[in-house]
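See below for model15.tsv, which holds TSV, C-alpha atoms.
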```tsv
chain	number	residue	atom	x	y	z
A	1451	MET	CA	-29.00	-101.69	34.54
A	1452	ASN	CA	-28.76	-101.28	38.33
A	1453	ILE	CA	-25.84	-99.43	39.91
A	1454	LEU	CA	-25.02	-99.37	43.63
A	1455	VAL	CA	-23.54	-96.09	44.90
A	1456	VAL	CA	-21.79	-96.04	48.29
A	1457	GLY	CA	-20.32	-93.01	50.05
A	1458	HIS	CA	-21.10	-90.29	52.55
A	1459	PHE	CA	-23.83	-87.75	51.91
A	1460	CYS	CA	-23.03	-84.13	52.78
A	1461	LEU	CA	-24.65	-80.79	53.32
A	1462	ASP	CA	-22.42	-78.40	51.36
A	1463	ILE	CA	-21.91	-74.75	52.26
A	1464	ILE	CA	-20.16	-73.15	49.28
A	1465	HIS	CA	-18.29	-69.84	49.63
A	1466	PRO	CA	-17.48	-68.75	46.05
A	1467	GLN	CA	-14.73	-66.32	45.18
A	1468	GLU	CA	-17.43	-63.83	44.27
A	1469	GLY	CA	-21.06	-63.63	45.33
A	1470	PRO	CA	-23.05	-64.96	48.30
A	1471	ARG	CA	-22.59	-68.36	49.86
A	1472	THR	CA	-24.94	-71.15	48.82
A	1473	GLU	CA	-26.12	-74.30	50.56
A	1474	SER	CA	-26.96	-77.50	48.72
A	1475	TYR	CA	-26.85	-81.26	48.95
A	1476	GLY	CA	-23.39	-82.61	48.23
A	1477	GLY	CA	-21.03	-85.51	48.62
A	1478	ILE	CA	-22.43	-88.73	47.19
A	1479	TYR	CA	-25.49	-86.75	46.04
A	1480	TYR	CA	-23.50	-85.67	42.96
A	1481	SER	CA	-22.69	-89.27	42.05
A	1482	MET	CA	-26.20	-90.63	42.44
A	1483	VAL	CA	-28.04	-87.76	40.73
A	1484	ALA	CA	-25.53	-87.70	37.86
A	1485	LEU	CA	-26.06	-91.43	37.35
A	1486	ALA	CA	-29.83	-91.00	37.53
A	1487	GLY	CA	-29.73	-88.33	34.83
A	1488	LEU	CA	-27.35	-90.27	32.60
A	1489	LEU	CA	-29.22	-93.57	32.95
A	1490	GLY	CA	-32.63	-92.07	32.21
A	1491	LYS	CA	-35.18	-94.85	31.84
A	1492	ASN	CA	-32.45	-97.42	31.27
A	1493	GLY	CA	-31.70	-98.32	34.88
A	1494	THR	CA	-31.87	-97.66	38.61
A	1495	VAL	CA	-29.46	-96.04	41.04
A	1496	ILE	CA	-29.33	-97.55	44.53
A	1497	PRO	CA	-27.52	-95.27	47.02
A	1498	VAL	CA	-26.46	-96.52	50.45
A	1499	PHE	CA	-25.60	-93.93	53.10
A	1500	GLY	CA	-26.95	-92.49	56.34
A	1501	VAL	CA	-28.28	-89.08	57.36
A	1502	ASN	CA	-29.53	-87.54	60.58
A	1503	LYS	CA	-33.07	-88.67	61.38
A	1504	HIS	CA	-34.41	-85.11	60.96
A	1505	ASP	CA	-32.83	-84.77	57.50
A	1506	TYR	CA	-34.11	-88.17	56.34
A	1507	GLY	CA	-37.71	-87.26	55.49
A	1508	PRO	CA	-36.98	-84.10	53.45
A	1509	LEU	CA	-34.20	-85.88	51.54
A	1510	VAL	CA	-36.29	-88.93	50.66
A	1511	ASP	CA	-39.18	-86.68	49.60
A	1512	HIS	CA	-36.75	-84.76	47.37
A	1513	LEU	CA	-35.45	-87.96	45.79
A	1514	LYS	CA	-38.99	-88.89	44.73
A	1515	GLU	CA	-38.45	-86.37	41.93
A	1516	PHE	CA	-36.07	-88.89	40.37
A	1517	GLN	CA	-38.01	-91.93	39.28
A	1518	ASN	CA	-34.91	-94.09	38.92
A	1519	ILE	CA	-33.36	-93.57	42.37
A	1520	ASP	CA	-34.25	-96.31	44.86
A	1521	PRO	CA	-33.95	-94.73	48.35
A	1522	SER	CA	-34.41	-97.97	50.31
A	1523	GLY	CA	-30.69	-98.10	51.17
A	1524	ILE	CA	-30.70	-94.69	52.87
A	1525	PHE	CA	-30.81	-95.04	56.65
A	1526	LYS	CA	-31.18	-92.75	59.67
A	1527	PHE	CA	-28.77	-92.09	62.51
A	1528	GLU	CA	-28.83	-89.94	65.62
A	1529	GLY	CA	-25.82	-87.70	65.00
A	1530	PRO	CA	-25.68	-84.69	62.67
A	1531	THR	CA	-25.39	-85.15	58.90
A	1532	ASN	CA	-21.94	-84.49	57.40
A	1533	THR	CA	-21.41	-80.78	56.79
A	1534	VAL	CA	-18.69	-79.50	54.46
A	1535	GLU	CA	-17.69	-75.86	54.01
A	1536	LEU	CA	-15.93	-75.10	50.73
A	1537	PHE	CA	-13.98	-71.86	50.36
A	1538	TYR	CA	-12.85	-70.79	46.87
A	1539	ASP	CA	-10.24	-68.12	46.13
A	1540	LYS	CA	-7.57	-67.39	43.53
A	1541	GLN	CA	-5.32	-70.07	45.04
A	1542	GLY	CA	-7.97	-72.79	44.72
A	1543	ARG	CA	-10.19	-74.48	47.27
A	1544	ASN	CA	-10.02	-74.96	51.03
A	1545	GLU	CA	-12.30	-77.41	52.76
A	1546	LYS	CA	-13.57	-77.90	56.30
A	1547	SER	CA	-15.46	-81.04	57.26
A	1548	THR	CA	-17.57	-81.18	60.40
A	1549	HIS	CA	-19.81	-83.93	61.76
A	1550	ILE	CA	-18.15	-86.66	59.70
A	1551	ALA	CA	-20.43	-89.68	59.97
A	1552	GLN	CA	-19.44	-93.14	61.11
A	1553	PRO	CA	-18.37	-95.57	58.35
A	1554	ILE	CA	-21.26	-97.21	56.49
A	1555	PRO	CA	-21.59	-100.75	57.91
A	1556	TYR	CA	-21.30	-103.74	55.61
A	1557	GLN	CA	-24.67	-104.94	56.90
A	1558	LYS	CA	-26.28	-101.88	55.28
A	1559	ILE	CA	-24.58	-102.61	51.95
A	1560	ARG	CA	-24.76	-106.40	51.76
A	1561	ARG	CA	-28.37	-106.76	50.56
A	1562	TYR	CA	-27.76	-104.48	47.56
A	1563	LEU	CA	-24.71	-106.16	46.05
A	1564	SER	CA	-26.57	-108.02	43.27
A	1565	VAL	CA	-26.17	-105.22	40.74
A	1566	ASP	CA	-24.44	-104.50	37.43
A	1567	GLY	CA	-21.80	-102.23	38.95
A	1568	ILE	CA	-20.69	-100.65	42.23
A	1569	LEU	CA	-19.38	-97.10	42.55
A	1570	LEU	CA	-17.57	-96.43	45.84
A	1571	ASN	CA	-16.70	-92.76	46.32
A	1572	MET	CA	-14.68	-91.94	49.44
A	1573	ILE	CA	-16.35	-88.57	49.95
A	1574	SER	CA	-15.18	-88.02	53.54
A	1575	GLY	CA	-12.38	-90.56	53.55
A	1576	PHE	CA	-14.17	-92.45	56.31
A	1577	ASP	CA	-17.11	-93.70	54.23
A	1578	VAL	CA	-16.37	-97.41	54.62
A	1579	SER	CA	-13.68	-99.33	56.42
A	1580	LEU	CA	-11.11	-101.36	54.54
A	1581	GLU	CA	-12.65	-104.47	56.09
A	1582	THR	CA	-16.05	-103.53	54.64
A	1583	LEU	CA	-14.48	-103.09	51.21
A	1584	ASP	CA	-12.86	-106.53	51.59
A	1585	HIS	CA	-16.30	-108.03	52.29
A	1586	MET	CA	-17.80	-106.22	49.30
A	1587	ARG	CA	-15.22	-107.33	46.75
A	1588	MET	CA	-15.11	-110.92	47.98
A	1589	THR	CA	-18.92	-111.12	47.78
A	1590	VAL	CA	-19.10	-109.83	44.20
A	1591	ARG	CA	-15.91	-111.46	42.91
A	1592	SER	CA	-17.52	-114.68	41.74
A	1593	HIS	CA	-20.22	-112.70	39.92
A	1594	SER	CA	-17.70	-110.50	38.05
A	1595	ILE	CA	-19.43	-107.32	39.19
A	1596	PRO	CA	-17.17	-104.31	38.39
A	1597	LEU	CA	-16.27	-101.93	41.20
A	1598	HIS	CA	-15.07	-98.35	40.63
A	1599	LEU	CA	-13.18	-96.71	43.51
A	1600	ASP	CA	-12.63	-92.96	43.80
A	1601	TYR	CA	-9.89	-92.50	46.42
A	1602	HIS	CA	-11.03	-88.88	46.87
A	1603	SER	CA	-10.79	-87.84	50.55
A	1604	LEU	CA	-9.13	-91.08	51.61
A	1605	THR	CA	-5.99	-89.05	50.92
A	1606	LEU	CA	-7.00	-86.32	53.39
A	1607	GLY	CA	-6.55	-86.08	57.15
A	1608	VAL	CA	-8.56	-83.83	59.48
A	1609	LYS	CA	-7.09	-81.00	61.54
A	1610	GLU	CA	-8.40	-79.89	64.93
A	1611	ASP	CA	-10.15	-76.93	63.27
A	1612	HIS	CA	-11.85	-79.40	60.83
A	1613	GLY	CA	-9.63	-78.33	57.93
A	1614	ARG	CA	-8.33	-81.06	55.63
A	1615	PHE	CA	-4.73	-81.77	54.71
A	1616	ARG	CA	-3.07	-84.10	52.21
A	1617	ARG	CA	-1.63	-87.30	53.66
A	1618	ALA	CA	-0.29	-90.59	52.36
A	1619	VAL	CA	-2.54	-93.66	52.61
A	1620	ASP	CA	-0.70	-96.43	54.45
A	1621	GLU	CA	-2.57	-99.31	52.81
A	1622	TRP	CA	-3.18	-97.75	49.39
A	1623	ARG	CA	-2.36	-101.03	47.67
A	1624	ARG	CA	-4.91	-102.99	49.65
A	1625	TRP	CA	-7.62	-100.43	48.85
A	1626	ALA	CA	-7.03	-100.98	45.12
A	1627	PHE	CA	-6.77	-104.78	45.19
A	1628	MET	CA	-9.29	-106.44	42.82
A	1629	ILE	CA	-10.90	-103.10	41.90
A	1630	GLU	CA	-11.86	-102.76	38.22
A	1631	THR	CA	-11.13	-99.03	37.84
A	1632	VAL	CA	-9.70	-96.47	40.25
A	1633	GLN	CA	-9.94	-92.70	40.11
A	1634	LEU	CA	-7.79	-89.96	41.64
A	1635	ASN	CA	-7.01	-86.37	40.81
A	1636	GLU	CA	-3.38	-85.39	40.23
A	1637	GLU	CA	-2.88	-84.14	43.81
A	1638	GLU	CA	-4.33	-87.33	45.24
A	1639	ILE	CA	-2.13	-89.66	43.21
A	1640	ALA	CA	0.95	-87.52	43.92
A	1641	GLY	CA	0.42	-87.91	47.67
A	1642	LEU	CA	-1.06	-91.41	47.76
A	1643	SER	CA	2.18	-93.14	48.71
A	1644	ALA	CA	4.65	-91.91	51.32
A	1645	GLN	CA	7.37	-92.73	48.78
A	1646	ARG	CA	6.17	-89.92	46.45
A	1647	MET	CA	6.50	-91.89	43.22
A	1648	PRO	CA	6.08	-90.31	39.79
A	1649	GLU	CA	2.50	-90.59	38.51
A	1650	LYS	CA	3.16	-93.25	35.88
A	1651	GLU	CA	5.16	-95.39	38.31
A	1652	LEU	CA	2.42	-95.32	40.93
A	1653	ALA	CA	-0.24	-96.06	38.30
A	1654	GLY	CA	1.88	-99.03	37.25
A	1655	HIS	CA	1.86	-100.35	40.81
A	1656	LEU	CA	-1.94	-100.02	40.93
A	1657	LEU	CA	-2.24	-101.97	37.67
A	1658	THR	CA	-0.36	-104.93	39.21
A	1659	LEU	CA	-3.18	-105.32	41.75
A	1660	GLY	CA	-5.85	-106.42	39.29
A	1661	VAL	CA	-6.89	-102.87	38.40
A	1662	LYS	CA	-7.81	-102.58	34.71
A	1663	GLY	CA	-7.73	-98.80	34.45
A	1664	VAL	CA	-6.31	-95.89	36.47
A	1665	VAL	CA	-8.04	-92.56	35.84
A	1666	VAL	CA	-6.24	-89.36	36.88
A	1667	THR	CA	-8.40	-86.24	36.53
A	1668	LYS	CA	-6.65	-82.94	35.80
A	1669	GLY	CA	-9.29	-80.24	35.82
A	1670	ASP	CA	-9.33	-78.07	32.70
A	1671	ARG	CA	-6.56	-80.25	31.20
A	1672	GLY	CA	-8.82	-83.28	31.05
A	1673	ALA	CA	-7.71	-86.69	32.30
A	1674	THR	CA	-4.88	-89.19	31.92
A	1675	ILE	CA	-5.70	-92.89	31.60
A	1676	TYR	CA	-3.32	-95.74	32.40
A	1677	TRP	CA	-3.80	-99.40	31.54
A	1678	ASN	CA	-1.74	-102.51	30.83
A	1679	GLU	CA	-1.21	-103.57	27.24
A	1680	LYS	CA	1.00	-106.56	26.50
A	1681	LYS	CA	2.40	-106.36	30.04
A	1682	LYS	CA	3.43	-102.72	29.60
A	1683	VAL	CA	1.91	-99.63	31.19
A	1684	THR	CA	0.18	-97.63	28.48
A	1685	VAL	CA	-0.86	-94.01	28.94
A	1686	ALA	CA	-3.16	-91.66	27.06
A	1687	ASP	CA	-4.25	-88.08	27.72
A	1688	VAL	CA	-7.89	-87.24	27.09
A	1689	PRO	CA	-8.36	-83.47	26.64
A	1690	ALA	CA	-11.07	-81.64	28.55
A	1691	ALA	CA	-14.29	-80.78	26.73
A	1692	ARG	CA	-15.01	-77.17	25.93
A	1693	ASN	CA	-17.54	-75.56	28.23
A	1694	GLY	CA	-19.31	-72.24	28.63
A	1695	ARG	CA	-18.89	-70.45	31.92
A	1696	VAL	CA	-17.16	-71.85	35.00
A	1697	ALA	CA	-19.49	-71.13	37.92
A	1698	ASP	CA	-18.65	-73.87	40.41
A	1699	THR	CA	-16.35	-76.89	40.22
A	1700	THR	CA	-17.75	-78.56	43.38
A	1701	GLY	CA	-18.65	-82.16	42.62
A	1702	CYS	CA	-17.00	-82.08	39.19
A	1703	GLY	CA	-14.86	-85.13	39.92
A	1704	ASP	CA	-17.87	-86.98	41.33
A	1705	VAL	CA	-19.90	-86.30	38.19
A	1706	PHE	CA	-16.91	-87.28	36.02
A	1707	GLY	CA	-16.61	-90.58	37.92
A	1708	ALA	CA	-20.31	-91.37	37.56
A	1709	ALA	CA	-20.25	-90.73	33.81
A	1710	PHE	CA	-16.98	-92.60	33.34
A	1711	PHE	CA	-18.16	-95.68	35.20
A	1712	LEU	CA	-21.54	-95.82	33.47
A	1713	LYS	CA	-19.97	-95.60	30.02
A	1714	TYR	CA	-17.36	-98.16	31.03
A	1715	LEU	CA	-20.02	-100.60	32.20
A	1716	LYS	CA	-21.69	-100.31	28.81
A	1717	SER	CA	-18.59	-100.31	26.61
A	1718	GLN	CA	-15.56	-101.67	28.51
A	1719	GLU	CA	-13.63	-98.88	26.74
A	1720	LEU	CA	-11.44	-96.73	28.99
A	1721	LEU	CA	-10.73	-93.89	26.56
A	1722	ALA	CA	-14.29	-93.63	25.26
A	1723	SER	CA	-15.48	-93.53	28.87
A	1724	ALA	CA	-13.08	-90.72	29.71
A	1725	ARG	CA	-14.19	-88.67	26.70
A	1726	VAL	CA	-17.84	-88.98	27.71
A	1727	ALA	CA	-16.99	-88.16	31.32
A	1728	ASN	CA	-15.14	-84.99	30.28
A	1729	SER	CA	-18.19	-83.81	28.34
A	1730	VAL	CA	-20.52	-84.46	31.25
A	1731	ALA	CA	-18.19	-82.78	33.77
A	1732	ALA	CA	-17.97	-79.71	31.55
A	1733	ARG	CA	-21.74	-79.37	31.74
A	1734	ARG	CA	-21.69	-79.68	35.53
A	1735	ILE	CA	-19.50	-76.62	36.20
A	1736	GLU	CA	-21.88	-74.16	34.57
A	1737	GLU	CA	-24.12	-73.84	37.69
A	1738	ILE	CA	-23.45	-73.22	41.40
A	1739	GLY	CA	-24.41	-76.04	43.75
A	1740	SER	CA	-26.21	-79.28	42.99
A	1741	GLY	CA	-29.77	-78.01	42.65
A	1742	GLN	CA	-29.78	-77.98	38.84
A	1743	LEU	CA	-27.60	-81.03	38.28
A	1744	TYR	CA	-30.31	-83.37	37.00
A	1745	ARG	CA	-31.63	-80.69	34.64
A	1746	GLN	CA	-28.11	-79.94	33.43
A	1747	LEU	CA	-27.60	-83.55	32.40
A	1748	ALA	CA	-30.98	-83.97	30.76
A	1749	GLY	CA	-30.49	-85.16	27.20
A	1750	MET	CA	-27.05	-86.62	27.94
A	1751	VAL	CA	-28.28	-90.18	28.55
A	1752	ILE	CA	-25.37	-92.57	28.00
A	1753	GLU	CA	-26.21	-95.48	25.72
```

Would you encode the structure as C-alpha cells?
Amino acid sequence: MNILVVGHFCLDIIHPQEGPRTESYGGIYYSMVALAGLLGKNGTVIPVFGVNKHDYGPLVDHLKEFQNIDPSGIFKFEGPTNTVELFYDKQGRNEKSTHIAQPIPYQKIRRYLSVDGILLNMISGFDVSLETLDHMRMTVRSHSIPLHLDYHSLTLGVKEDHGRFRRAVDEWRRWAFMIETVQLNEEEIAGLSAQRMPEKELAGHLLTLGVKGVVVTKGDRGATIYWNEKKKVTVADVPAARNGRVADTTGCGDVFGAAFFLKYLKSQELLASARVANSVAARRIEEIGSGQLYRQLAGMVIE
C-alpha cells in the first residue's frame, strides 16, 4: 500500500507549561512518520513538501532511518523553512507561525498521484491552493483513489505578530467537494462557516458534497463521527483511549488522522478507524516532541 502525504513541514519550538523548551521536526512530519510506523513493512509513505536548501540534506539523511518513507517528493527552496512556536499554559495553546512557505505546486504533486490513498493536511493553512486541490481530485477521481482532508490551519488567519486567530473559511464547501473523509477539531468545525451552524448541521452540509465521513476530534473526549445512512445524518461518539501520562499534545490530531485514514483505507469502516486512531493518538501524547514518535508506535502496525 502506497500513501501520498501532502502538507507543510515545520520546525517546531515547543514551550511547555513546565520545563525547558524543546525543538523538533513538526507539521507534516507527524503524519508521515506515524504512517510509516503504522504501515511497517506493508507499504510506503510518499511525502511531498519543500524545505530550505540548507535543511534538505539533514532531513533526508534523517528519513533514511525509516525504510518505508520515499523522500523523492521532498524539494528545496531558497526561503526559510516554516517555523512554529507553540506556547502551552493552563488556558491551552497559543501558536505563532513564521516563515510560512509558499503553497506546494501541483507540478510537484502530480507525478505521485498513482497511490492507494492521499492524505492532505493543511498544516499552515497555505499548504496547497484550492486550484491545486481541484487538479488533484479531478486527476484521481476516475481511479477512485480516496482523499482525506484535515482542514487544520485552513481555519486560521495570521496576525502581524505571527500569532494565529480563528476565522471562517469562505469556500469551505468547495474544499470538501469530492473528498472521501474530512477531519476537524471541535473549534475548527465551530468556526468553519461564517454562519456559525451547530456541529451536526454543518457536518450534514459537508456530507451533501460527496463526503463519506466527517471526523470531529475532541481531545480527551475522543471523537464524533458523522455519516449518511438512508439519507439521514447519523452520529456516533467514539470515546478516547486511556493513556498514561500527558506530556505533549503537539501533533496529536495529525497522528490521529494518519491512523484513521490508514485503517479506513484497509477497512472502509468509519467507527473502527476512529477507535484505532484514538488508541494511536493516546500513545503519541506520552512524549514531548516528535523525536520518539516512530518508536512510540512500534508494534501498533495496522492490519

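Compared by their closest atoms to Ile1595 in chain A, and using all atoms listed in the file, the residues A:Ile1496, A:Leu1715, A:Leu1513, A:Ile1463 rank with A:Leu1715 nearest.
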
Give me the residues within 9 Å of range 1473-1486 of chain A as a VMD selection string, counting only C-alpha atoms and dropping any in the same chain fewer than 5 places off. chain A and resid 1453 to 1464 1491 1493 to 1497 1499 1513 1516 to 1519 1532 to 1534 1569 1571 to 1574 1700 to 1702 1704 to 1709 1712 1730 1739 to 1741 1743 to 1744 1747

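Take CA of Gly1613 in chain A and CA of Pro1530 in chain A: the distance between them is 17.9 Å.
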
If you count all atoms listed in the file, which residues fall within 12 Å of Ala1690 in chain A, apart from same-chain ones fewer than 5 positions away, as a compact mmCIF listing (two decimals) with C-alpha atoms, keeping the file's coordinate frame?
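Saved file selection05.txt follows:
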```txt
# COMPACT_ATOMS: atom_id res chain seq x y z
CA THR A 1667 -8.40 -86.24 36.53
CA LYS A 1668 -6.65 -82.94 35.80
CA GLY A 1669 -9.29 -80.24 35.82
CA ASP A 1670 -9.33 -78.07 32.70
CA ARG A 1671 -6.56 -80.25 31.20
CA GLY A 1672 -8.82 -83.28 31.05
CA ALA A 1673 -7.71 -86.69 32.30
CA THR A 1674 -4.88 -89.19 31.92
CA PHE A 1706 -16.91 -87.28 36.02
CA ALA A 1724 -13.08 -90.72 29.71
CA ARG A 1725 -14.19 -88.67 26.70
CA VAL A 1726 -17.84 -88.98 27.71
CA ALA A 1727 -16.99 -88.16 31.32
CA ASN A 1728 -15.14 -84.99 30.28
CA SER A 1729 -18.19 -83.81 28.34
CA VAL A 1730 -20.52 -84.46 31.25
CA ALA A 1731 -18.19 -82.78 33.77
CA ALA A 1732 -17.97 -79.71 31.55
CA ARG A 1733 -21.74 -79.37 31.74
```

Box dimensions and centre (Å, one decimal) enclosing range 1650-1663 of chain A, axis-aligned, 4 Å extra per side, as JSON:
```
{"center_x": -1.3, "center_y": -99.8, "center_z": 38.1, "size_x": 21.0, "size_y": 21.2, "size_z": 15.3}
```

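For the atom pair formed by CA of His1593 in chain A and CA of Lys1716 in chain A, the distance is 16.7 Å, given to one decimal.
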
How far is it from CA of Glu1719 in chain A to CA of Gly1660 in chain A, in Å with one decimal? 16.6 Å

Surrounding residues of Leu1657 in chain A excluding itself and chain neighbours under 4 positions, 12 Å, only C-alpha atoms, as a list of chain:residue names: A:Arg1623, A:Ala1626, A:Phe1627, A:Met1628, A:Ile1629, A:Glu1630, A:Thr1631, A:Val1632, A:Lys1650, A:Glu1651, A:Leu1652, A:Ala1653, A:Val1661, A:Lys1662, A:Gly1663, A:Val1664, A:Val1665, A:Ile1675, A:Tyr1676, A:Trp1677, A:Asn1678, A:Glu1679, A:Lys1681, A:Lys1682, A:Val1683, A:Thr1684, A:Val1685
